[in-house]
>>> print(open('my_file_18.cif').read())   # mmCIF, C-alpha atoms and all ligand atoms
data_protein
#
loop_
_atom_site.label_atom_id
_atom_site.label_comp_id
_atom_site.auth_asym_id
_atom_site.auth_seq_id
_atom_site.Cartn_x
_atom_site.Cartn_y
_atom_site.Cartn_z
CA MET X 1 -8.84 14.59 1.40
CA THR X 2 -11.50 16.00 -0.90
CA GLY X 3 -15.12 16.70 0.00
CA LEU X 4 -16.08 13.42 -1.70
CA GLY X 5 -15.82 11.36 1.49
CA PRO X 6 -13.25 8.94 2.76
CA TRP X 7 -13.07 6.67 -0.29
CA HIS X 8 -11.56 9.27 -2.60
CA SER X 9 -8.41 11.27 -2.99
CA GLU X 10 -7.65 13.93 -5.59
CA ARG X 11 -7.60 11.65 -8.66
CA LEU X 12 -8.37 8.21 -7.26
CA ILE X 13 -11.17 6.22 -5.71
CA TYR X 14 -10.77 3.28 -3.35
CA ARG X 15 -13.18 0.37 -3.28
CA ALA X 16 -13.45 -2.98 -1.57
CA ILE X 17 -11.64 -5.92 -3.13
CA GLU X 18 -14.16 -8.38 -4.55
CA PRO X 19 -13.81 -11.93 -5.94
CA GLU X 20 -14.15 -10.36 -9.43
CA ASP X 21 -10.84 -8.56 -8.77
CA GLU X 22 -8.90 -11.82 -8.49
CA PRO X 23 -7.73 -11.67 -12.15
CA VAL X 24 -6.22 -8.23 -11.41
CA LEU X 25 -4.61 -9.56 -8.22
CA LEU X 26 -3.24 -12.47 -10.25
CA SER X 27 -1.84 -10.16 -12.93
CA ILE X 28 -0.16 -8.00 -10.27
CA SER X 29 1.44 -10.95 -8.49
CA SER X 30 2.38 -12.59 -11.81
CA ASP X 31 4.69 -9.67 -12.62
CA PRO X 32 7.95 -11.16 -11.25
CA GLU X 33 9.52 -7.76 -10.55
CA ALA X 34 6.49 -6.37 -8.72
CA PHE X 35 6.08 -9.62 -6.78
CA SER X 36 9.71 -9.72 -5.61
CA ASN X 37 9.65 -6.00 -4.79
CA SER X 38 6.60 -6.31 -2.58
CA ALA X 39 6.89 -9.74 -0.89
CA PRO X 40 9.73 -11.90 0.43
CA PHE X 41 8.09 -15.13 -0.75
CA LEU X 42 9.75 -17.58 -3.10
CA PRO X 43 9.13 -16.45 -6.68
CA GLN X 44 6.83 -19.00 -8.29
CA PRO X 45 4.30 -19.07 -11.13
CA ARG X 46 1.07 -17.87 -9.55
CA SER X 47 -2.15 -19.86 -9.70
CA LYS X 48 -5.75 -18.64 -9.64
CA ARG X 49 -6.02 -20.23 -6.19
CA SER X 50 -3.15 -18.01 -5.01
CA ALA X 51 -5.17 -14.95 -6.06
CA THR X 52 -8.09 -16.19 -3.92
CA GLN X 53 -5.74 -16.71 -0.96
CA HIS X 54 -4.27 -13.23 -1.52
CA ARG X 55 -7.76 -11.69 -1.50
CA GLU X 56 -8.69 -13.60 1.67
CA TRP X 57 -5.47 -12.42 3.35
CA LEU X 58 -6.29 -8.83 2.35
CA GLU X 59 -9.70 -9.19 4.05
CA GLY X 60 -7.82 -9.44 7.36
CA ALA X 61 -6.36 -5.94 7.00
CA LEU X 62 -7.64 -2.90 8.88
CA ILE X 63 -8.32 -1.62 5.38
CA SER X 64 -7.55 -2.96 1.95
CA ALA X 65 -8.72 -1.46 -1.30
CA MET X 66 -8.40 -1.51 -5.05
CA ILE X 67 -6.89 1.83 -6.05
CA CYS X 68 -9.01 2.93 -9.02
CA LEU X 69 -9.32 5.68 -11.56
CA PRO X 70 -12.91 6.92 -11.74
CA PRO X 71 -14.94 5.69 -14.71
CA PRO X 72 -15.26 8.08 -17.65
CA THR X 73 -18.12 10.48 -17.00
CA SER X 74 -19.56 10.41 -20.50
CA GLY X 75 -19.49 8.39 -23.68
CA SER X 76 -19.84 4.63 -23.68
CA GLN X 77 -22.99 2.91 -22.46
CA ASP X 78 -20.93 -0.22 -22.05
CA ASP X 79 -21.05 -1.35 -18.42
CA THR X 80 -17.45 -2.55 -18.48
CA ALA X 81 -16.19 0.86 -19.59
CA MET X 82 -18.16 2.54 -16.79
CA ARG X 83 -16.48 0.52 -14.03
CA PRO X 84 -13.68 2.14 -12.04
CA ASN X 85 -10.39 1.08 -13.53
CA PRO X 86 -8.05 -0.61 -10.99
CA VAL X 87 -4.53 0.81 -11.06
CA GLY X 88 -3.34 -1.20 -8.06
CA LEU X 89 -4.03 -2.18 -4.51
CA ILE X 90 -3.19 -0.86 -1.08
CA HIS X 91 -3.54 -2.33 2.39
CA LEU X 92 -2.95 -1.32 5.96
CA HIS X 93 -2.61 -4.22 8.37
CA GLY X 94 -2.96 -3.79 12.11
CA SER X 95 -1.28 -5.85 14.78
CA ASP X 96 -2.23 -9.13 16.33
CA PRO X 97 -5.09 -8.42 18.82
CA ARG X 98 -2.70 -8.88 21.79
CA LEU X 99 -0.56 -6.07 20.38
CA ALA X 100 -3.40 -3.81 19.26
CA HIS X 101 -2.98 -1.41 22.22
CA HIS X 102 0.30 -0.21 20.67
CA ARG X 103 -1.74 1.11 17.71
CA HIS X 104 0.71 0.17 14.96
CA GLY X 105 -0.10 -0.25 11.27
CA ASP X 106 1.86 -1.60 8.34
CA ILE X 107 1.33 -0.45 4.73
CA GLY X 108 1.67 -2.52 1.57
CA ILE X 109 1.12 -1.17 -1.93
CA ASN X 110 1.31 -2.36 -5.49
CA VAL X 111 0.65 -0.16 -8.51
CA ARG X 112 0.29 -1.95 -11.87
CA LYS X 113 3.25 -1.42 -14.15
CA THR X 114 1.48 0.66 -16.81
CA TYR X 115 0.31 3.11 -14.13
CA GLN X 116 3.62 3.51 -12.28
CA GLY X 117 5.50 6.81 -12.21
CA GLN X 118 2.37 8.96 -12.45
CA GLY X 119 2.05 9.85 -8.80
CA TYR X 120 -0.68 7.31 -8.00
CA GLY X 121 1.44 5.45 -5.44
CA THR X 122 2.21 8.69 -3.61
CA GLU X 123 -1.45 9.73 -3.64
CA ALA X 124 -2.68 6.35 -2.38
CA ILE X 125 -0.11 6.20 0.43
CA LYS X 126 -1.09 9.70 1.59
CA TRP X 127 -4.73 8.59 1.52
CA VAL X 128 -4.10 5.49 3.63
CA LEU X 129 -2.00 7.52 6.10
CA HIS X 130 -4.98 9.84 6.51
CA TRP X 131 -7.31 6.89 7.01
CA GLY X 132 -4.97 5.20 9.48
CA PHE X 133 -4.34 8.21 11.70
CA GLN X 134 -7.66 10.01 11.39
CA TYR X 135 -10.12 7.08 11.29
CA ALA X 136 -8.36 4.02 12.70
CA GLY X 137 -6.70 5.99 15.52
CA LEU X 138 -3.23 4.59 14.86
CA HIS X 139 -0.17 6.05 16.54
CA ARG X 140 2.52 4.67 14.23
CA ILE X 141 2.48 3.48 10.62
CA GLU X 142 5.45 1.63 9.21
CA LEU X 143 6.69 0.01 6.05
CA GLY X 144 9.80 -1.62 4.74
CA ALA X 145 11.50 -1.59 1.36
CA PHE X 146 13.96 -4.16 0.10
CA GLU X 147 17.43 -2.89 -0.74
CA TYR X 148 16.95 -4.04 -4.35
CA ASN X 149 13.94 -1.70 -4.67
CA PRO X 150 15.66 1.73 -4.44
CA GLY X 151 12.69 3.47 -6.09
CA ALA X 152 10.47 2.53 -3.12
CA VAL X 153 13.13 3.72 -0.64
CA LYS X 154 13.28 7.10 -2.42
CA LEU X 155 9.51 7.34 -2.60
CA TYR X 156 8.97 6.69 1.12
CA GLU X 157 11.63 9.24 2.09
CA ARG X 158 10.01 11.80 -0.21
CA ILE X 159 6.57 11.25 1.35
CA GLY X 160 8.12 11.95 4.77
CA PHE X 161 8.55 8.54 6.37
CA VAL X 162 11.41 8.58 8.85
CA PRO X 163 14.20 6.07 8.15
CA GLU X 164 14.69 3.74 11.13
CA GLY X 165 17.65 1.82 9.84
CA LYS X 166 18.11 -1.45 8.08
CA ARG X 167 17.43 -5.08 8.91
CA ARG X 168 20.71 -6.46 7.65
CA ASP X 169 20.74 -9.42 5.28
CA TRP X 170 17.05 -9.96 5.96
CA VAL X 171 15.98 -11.17 2.53
CA TRP X 172 17.52 -13.79 0.27
CA PHE X 173 16.83 -12.88 -3.34
CA ASN X 174 18.45 -13.76 -6.64
CA GLY X 175 21.60 -15.31 -5.26
CA ARG X 176 22.44 -13.08 -2.30
CA TYR X 177 21.20 -11.48 0.88
CA TRP X 178 19.82 -7.93 0.89
CA ASP X 179 18.92 -5.49 3.65
CA VAL X 180 15.41 -4.19 4.35
CA HIS X 181 15.11 -0.43 4.88
CA MET X 182 12.60 0.31 7.63
CA PHE X 183 10.50 3.48 7.76
CA SER X 184 7.78 4.83 10.01
CA MET X 185 5.61 7.87 10.53
CA LEU X 186 4.10 8.84 13.89
CA GLU X 187 0.75 10.52 14.20
CA HIS X 188 2.20 13.89 15.28
CA GLU X 189 4.71 13.81 12.40
CA TRP X 190 1.87 13.19 9.98
CA ARG X 191 -0.15 16.09 11.45
CA GLU X 192 2.87 18.41 11.24
CA ARG X 193 3.68 17.40 7.68
CA PHE X 194 0.17 17.28 6.23
CA GLY X 195 -1.42 20.01 8.32
CA GLU X 196 -4.24 17.88 9.76
CA LYS X 197 -5.39 19.14 13.15
CA GLN X 198 -6.93 16.77 15.67
CA ASN X 199 -10.69 17.33 15.88
CA SER X 200 -11.68 18.86 19.19
CA SER X 201 -14.64 17.36 21.04
CA ASN X 202 -15.54 20.81 22.49
C1 LIG X 301 6.68 1.53 -5.51
C2 LIG X 301 5.36 1.91 -6.18
C3 LIG X 301 4.21 1.62 -5.24
C4 LIG X 301 5.39 3.40 -6.49
O1 LIG X 301 4.16 3.76 -7.07
P1 LIG X 301 4.13 4.82 -8.25
O2 LIG X 301 2.71 5.13 -8.54
O3 LIG X 301 4.94 4.32 -9.38
O4 LIG X 301 4.87 6.03 -7.54
P2 LIG X 301 4.70 7.58 -7.85
O5 LIG X 301 4.42 7.75 -9.31
O6 LIG X 301 3.78 8.17 -6.86
O7 LIG X 301 6.13 8.09 -7.50
C5 LIG X 301 7.19 7.79 -8.37
C6 LIG X 301 8.39 7.65 -7.52
O8 LIG X 301 8.35 6.37 -6.97
C7 LIG X 301 9.58 5.77 -7.09
N1 LIG X 301 9.38 4.55 -7.87
C8 LIG X 301 9.49 3.35 -7.32
N2 LIG X 301 9.29 2.42 -8.23
C9 LIG X 301 9.01 3.06 -9.38
C10 LIG X 301 8.69 2.63 -10.71
N3 LIG X 301 8.66 1.32 -11.03
N4 LIG X 301 8.39 3.54 -11.65
C11 LIG X 301 8.47 4.85 -11.34
N5 LIG X 301 8.77 5.31 -10.12
C12 LIG X 301 9.04 4.42 -9.16
C13 LIG X 301 10.54 6.72 -7.64
O9 LIG X 301 11.22 7.28 -6.52
C14 LIG X 301 9.69 7.79 -8.27
O10 LIG X 301 10.24 9.04 -7.99
P3 LIG X 301 10.81 9.95 -9.18
O11 LIG X 301 9.60 10.34 -9.98
O12 LIG X 301 11.46 11.08 -8.46
O13 LIG X 301 11.78 9.08 -9.93
C15 LIG X 301 5.15 1.16 -7.52
O14 LIG X 301 6.24 1.42 -8.36
C16 LIG X 301 4.98 -0.34 -7.36
O15 LIG X 301 3.91 -0.79 -7.03
N6 LIG X 301 6.03 -1.11 -7.61
C17 LIG X 301 5.98 -2.56 -7.56
C18 LIG X 301 5.70 -3.14 -6.16
C19 LIG X 301 6.45 -2.41 -5.08
O16 LIG X 301 7.64 -2.13 -5.22
N7 LIG X 301 5.74 -2.14 -3.98
C20 LIG X 301 6.32 -1.48 -2.83
C21 LIG X 301 6.94 -2.47 -1.94
S1 LIG X 301 7.86 -1.71 -0.62
#
>>> encode(input="my_file_18.cif", output="structure tokens")
Amino acid sequence: MTGLGPWHSERLIYRAIEPEDEPVLLSISSDPEAFSNSAPFLPQPRSKRSATQHREWLEGALISAMICLPPPTSGSQDDTAMRPNPVGLIHLHGSDPRLAHHRHGDIGINVRKTYQGQGYGTEAIKWVLHWGFQYAGLHRIELGAFEYNPGAVKLYERIGFVPEGKRRDWVWFNGRYWDVHMFSMLEHEWRERFGEKQNSSN
């Protein structure tokens, strides 16, 4: 975390998802590979209405944000050029209110294709882990990756999520069943790995 406050990490800023972002949400979910890698829903052509529903669903998260590159600091007077440039989206959903006392969270992330492989996914996940443990008071944050998405499996292991095993034949995709690899990180594991001490009230 930088000194810039909670809505920044080293290279990225995080802002609320607005109705104006629906075209970006639509472009993300219209990429068949990204869609199938991030959701177990039937692959279908996506409508504008689906982008609205996606945004409304994201509003129910503990936190959801457009992952953005900061606007250029100098040059164009053009308003469009000065807007933060969305590279993807990230969300952390909490549990149903009757399960909230367990303090679990569940991460989802999607980085737009042209921005993949540049470390933005790693940076955004570390940011949301910080937010979840340090601000939302979570005890456990989990995520799953489909067997046909080995890049995500590798990424989550590299960040330090602990493999919890597989849900066998959990997802039907492209003519066969695939497993889902489950991962989690507990608050004390995050503090040990990322060196964040608990603030003392004394
Ligand atoms: C998975 C995802 C979030 C990773 O974000 P990213 O910004 O590309 O990741 P980073 O640049 O921080 O890290 C790259 C690492 O991620 C993994 N990775 C996963 N998918 C990748 C992709 N399409 N391109 C490059 N790296 C990918 C690799 O392990 C890579 O490690 P390497 O450099 O040692 O090969 C992103 O590729 C994405 O949004 N994919 C589509 C949707 C998706 O799969 N969401 C996750 C659902 S569980």
>>> residues_around(input="my_file_18.cif", residues="Arg168 (chain X)", least_positions_apart="5", cutoff="10 Å", atoms="only C-alpha atoms", output="list in words")
Glu147, Tyr177, Trp178, Asp179, Val180 and His181 of chain X
>>> residues_near_ligand(input="my_file_18.cif", ligand="ligand LIG 301 (chain X)", cutoff="6 Å", atoms="only C-alpha atoms and all ligand atoms", output="PyMOL selection string")
chain X and resi 34+37-38+109-111+116-122+144-145+151-152+154-155
>>> write_last_selection(input="my_file_18.cif", atoms="C-alpha atoms", output="compact mmCIF listing (two decimals), keeping the file's coordinate frame")
# COMPACT_ATOMS: atom_id res chain seq x y z
CA ALA X 34 6.49 -6.37 -8.72
CA ASN X 37 9.65 -6.00 -4.79
CA SER X 38 6.60 -6.31 -2.58
CA ILE X 109 1.12 -1.17 -1.93
CA ASN X 110 1.31 -2.36 -5.49
CA VAL X 111 0.65 -0.16 -8.51
CA GLN X 116 3.62 3.51 -12.28
CA GLY X 117 5.50 6.81 -12.21
CA GLN X 118 2.37 8.96 -12.45
CA GLY X 119 2.05 9.85 -8.80
CA TYR X 120 -0.68 7.31 -8.00
CA GLY X 121 1.44 5.45 -5.44
CA THR X 122 2.21 8.69 -3.61
CA GLY X 144 9.80 -1.62 4.74
CA ALA X 145 11.50 -1.59 1.36
CA GLY X 151 12.69 3.47 -6.09
CA ALA X 152 10.47 2.53 -3.12
CA LYS X 154 13.28 7.10 -2.42
CA LEU X 155 9.51 7.34 -2.60
>>> residues_around(input="my_file_18.cif", residues="region 135-137 of chain X", least_positions_apart="3", cutoff="9 Å", atoms="all atoms listed in the file", output="number ranges by chain")
X: 62, 103, 130-132, 187
>>> closest_residue(input="my_file_18.cif", among="X:Leu42, X:Ala51, X:Ala124, X:Val171", to="Gly88 (chain X)", atoms="only C-alpha atoms")
X:Ala124
>>> closest_residue(input="my_file_18.cif", among="X:Leu12, X:Leu26, X:Ile107, X:Ala39", to="Cys68 (chain X)", atoms="all atoms listed in the file")
X:Leu12
>>> atom_distance(input="my_file_18.cif", atom1="CA of Ile67 (chain X)", atom2="CA of Leu89 (chain X)")
5.2 Å
>>> residues_around(input="my_file_18.cif", residues="Leu186 (chain X)", least_positions_apart="6", cutoff="9 Å", atoms="all atoms listed in the file", output="list in words")
Phe133, Leu138, His139, Arg140, Ile141, Glu142, Phe161 and Val162 of chain X
>>> write_last_selection(input="my_file_18.cif", atoms="C-alpha atoms", output="PDB file, keeping the file's coordinate frame")
ATOM      1  CA  PHE X 133      -4.340   8.210  11.700  1.00  0.00           C
ATOM      2  CA  LEU X 138      -3.230   4.590  14.860  1.00  0.00           C
ATOM      3  CA  HIS X 139      -0.170   6.050  16.540  1.00  0.00           C
ATOM      4  CA  ARG X 140       2.520   4.670  14.230  1.00  0.00           C
ATOM      5  CA  ILE X 141       2.480   3.480  10.620  1.00  0.00           C
ATOM      6  CA  GLU X 142       5.450   1.630   9.210  1.00  0.00           C
ATOM      7  CA  PHE X 161       8.550   8.540   6.370  1.00  0.00           C
ATOM      8  CA  VAL X 162      11.410   8.580   8.850  1.00  0.00           C
TER       9      VAL X 162
END
>>> residues_around(input="my_file_18.cif", residues="Ser95 (chain X)", least_positions_apart="3", cutoff="7 Å", atoms="all atoms listed in the file", output="PyMOL selection string")
chain X and resi 99-100+104-105
>>> atom_distance(input="my_file_18.cif", atom1="CA of Leu92 (chain X)", atom2="CA of Lys113 (chain X)")
21.0 Å
>>> closest_residue(input="my_file_18.cif", among="X:Asn174, X:Ser64, X:Thr114, X:Ser184", to="Gly160 (chain X)", atoms="all atoms listed in the file")
X:Ser184
>>> axis_aligned_box(input="my_file_18.cif", around="region 173-182 of chain X", padding_each_side="4 Å", output="lines of an AutoDock Vina configuration file")
center_x = 17.5
center_y = -7.5
center_z = 0.5
size_x = 17.8
size_y = 23.6
size_z = 22.3
>>> residues_around(input="my_file_18.cif", residues="region 13-21 of chain X", least_positions_apart="5", cutoff="8 Å", atoms="all atoms listed in the file", output="PyMOL selection string")
chain X and resi 7-8+52+55+64-70+84
>>> atom_distance(input="my_file_18.cif", atom1="CA of Trp172 (chain X)", atom2="CA of Phe41 (chain X)")
9.6 Å
>>> closest_residue(input="my_file_18.cif", among="X:Asn149, X:Asn85, X:Ser27, X:Phe194", to="Pro71 (chain X)", atoms="all atoms listed in the file")
X:Asn85
>>> build_atoms(input="my_file_18.cif", residues="region 155-171 of chain X", atoms="N, CA, C and O atoms", output="short mmCIF file (atom, residue, chain, number, x, y, z; two decimals), keeping the file's coordinate frame")
data_model
loop_
_atom_site.label_atom_id
_atom_site.label_comp_id
_atom_site.auth_asym_id
_atom_site.auth_seq_id
_atom_site.Cartn_x
_atom_site.Cartn_y
_atom_site.Cartn_z
N LEU X 155 10.90 6.90 -2.69
CA LEU X 155 9.51 7.34 -2.60
C LEU X 155 9.08 7.55 -1.14
O LEU X 155 8.48 8.57 -0.80
N TYR X 156 9.41 6.60 -0.26
CA TYR X 156 8.97 6.69 1.12
C TYR X 156 9.65 7.86 1.83
O TYR X 156 9.04 8.56 2.64
N GLU X 157 10.93 8.08 1.50
CA GLU X 157 11.63 9.24 2.09
C GLU X 157 10.96 10.53 1.62
O GLU X 157 10.75 11.46 2.39
N ARG X 158 10.61 10.58 0.33
CA ARG X 158 10.01 11.80 -0.21
C ARG X 158 8.64 12.08 0.42
O ARG X 158 8.28 13.23 0.66
N ILE X 159 7.89 11.05 0.72
CA ILE X 159 6.57 11.25 1.35
C ILE X 159 6.74 11.75 2.79
O ILE X 159 5.87 12.43 3.32
N GLY X 160 7.89 11.44 3.41
CA GLY X 160 8.12 11.95 4.77
C GLY X 160 8.24 10.88 5.82
O GLY X 160 8.27 11.18 7.02
N PHE X 161 8.30 9.60 5.39
CA PHE X 161 8.55 8.54 6.37
C PHE X 161 9.97 8.72 6.92
O PHE X 161 10.88 9.12 6.20
N VAL X 162 10.12 8.41 8.20
CA VAL X 162 11.41 8.58 8.85
C VAL X 162 12.18 7.26 8.77
O VAL X 162 11.66 6.22 9.18
N PRO X 163 13.41 7.31 8.21
CA PRO X 163 14.20 6.07 8.15
C PRO X 163 14.57 5.60 9.55
O PRO X 163 14.96 6.41 10.40
N GLU X 164 14.39 4.30 9.80
CA GLU X 164 14.69 3.74 11.13
C GLU X 164 15.88 2.82 11.11
O GLU X 164 16.19 2.18 12.11
N GLY X 165 16.51 2.71 9.95
CA GLY X 165 17.65 1.82 9.84
C GLY X 165 17.33 0.62 8.97
O GLY X 165 16.29 0.58 8.31
N LYS X 166 18.24 -0.31 8.98
CA LYS X 166 18.11 -1.45 8.08
C LYS X 166 18.09 -2.74 8.89
O LYS X 166 18.78 -2.87 9.90
N ARG X 167 17.30 -3.71 8.42
CA ARG X 167 17.43 -5.08 8.91
C ARG X 167 18.44 -5.74 7.99
O ARG X 167 18.14 -5.97 6.80
N ARG X 168 19.62 -6.01 8.51
CA ARG X 168 20.71 -6.46 7.65
C ARG X 168 20.49 -7.89 7.16
O ARG X 168 20.04 -8.75 7.91
N ASP X 169 20.81 -8.08 5.89
CA ASP X 169 20.74 -9.42 5.28
C ASP X 169 19.42 -10.12 5.62
O ASP X 169 19.40 -11.31 5.94
N TRP X 170 18.34 -9.40 5.51
CA TRP X 170 17.05 -9.96 5.96
C TRP X 170 16.39 -10.82 4.89
O TRP X 170 15.62 -11.70 5.17
N VAL X 171 16.69 -10.49 3.61
CA VAL X 171 15.98 -11.17 2.53
C VAL X 171 16.97 -11.81 1.55
O VAL X 171 17.95 -11.18 1.15
#
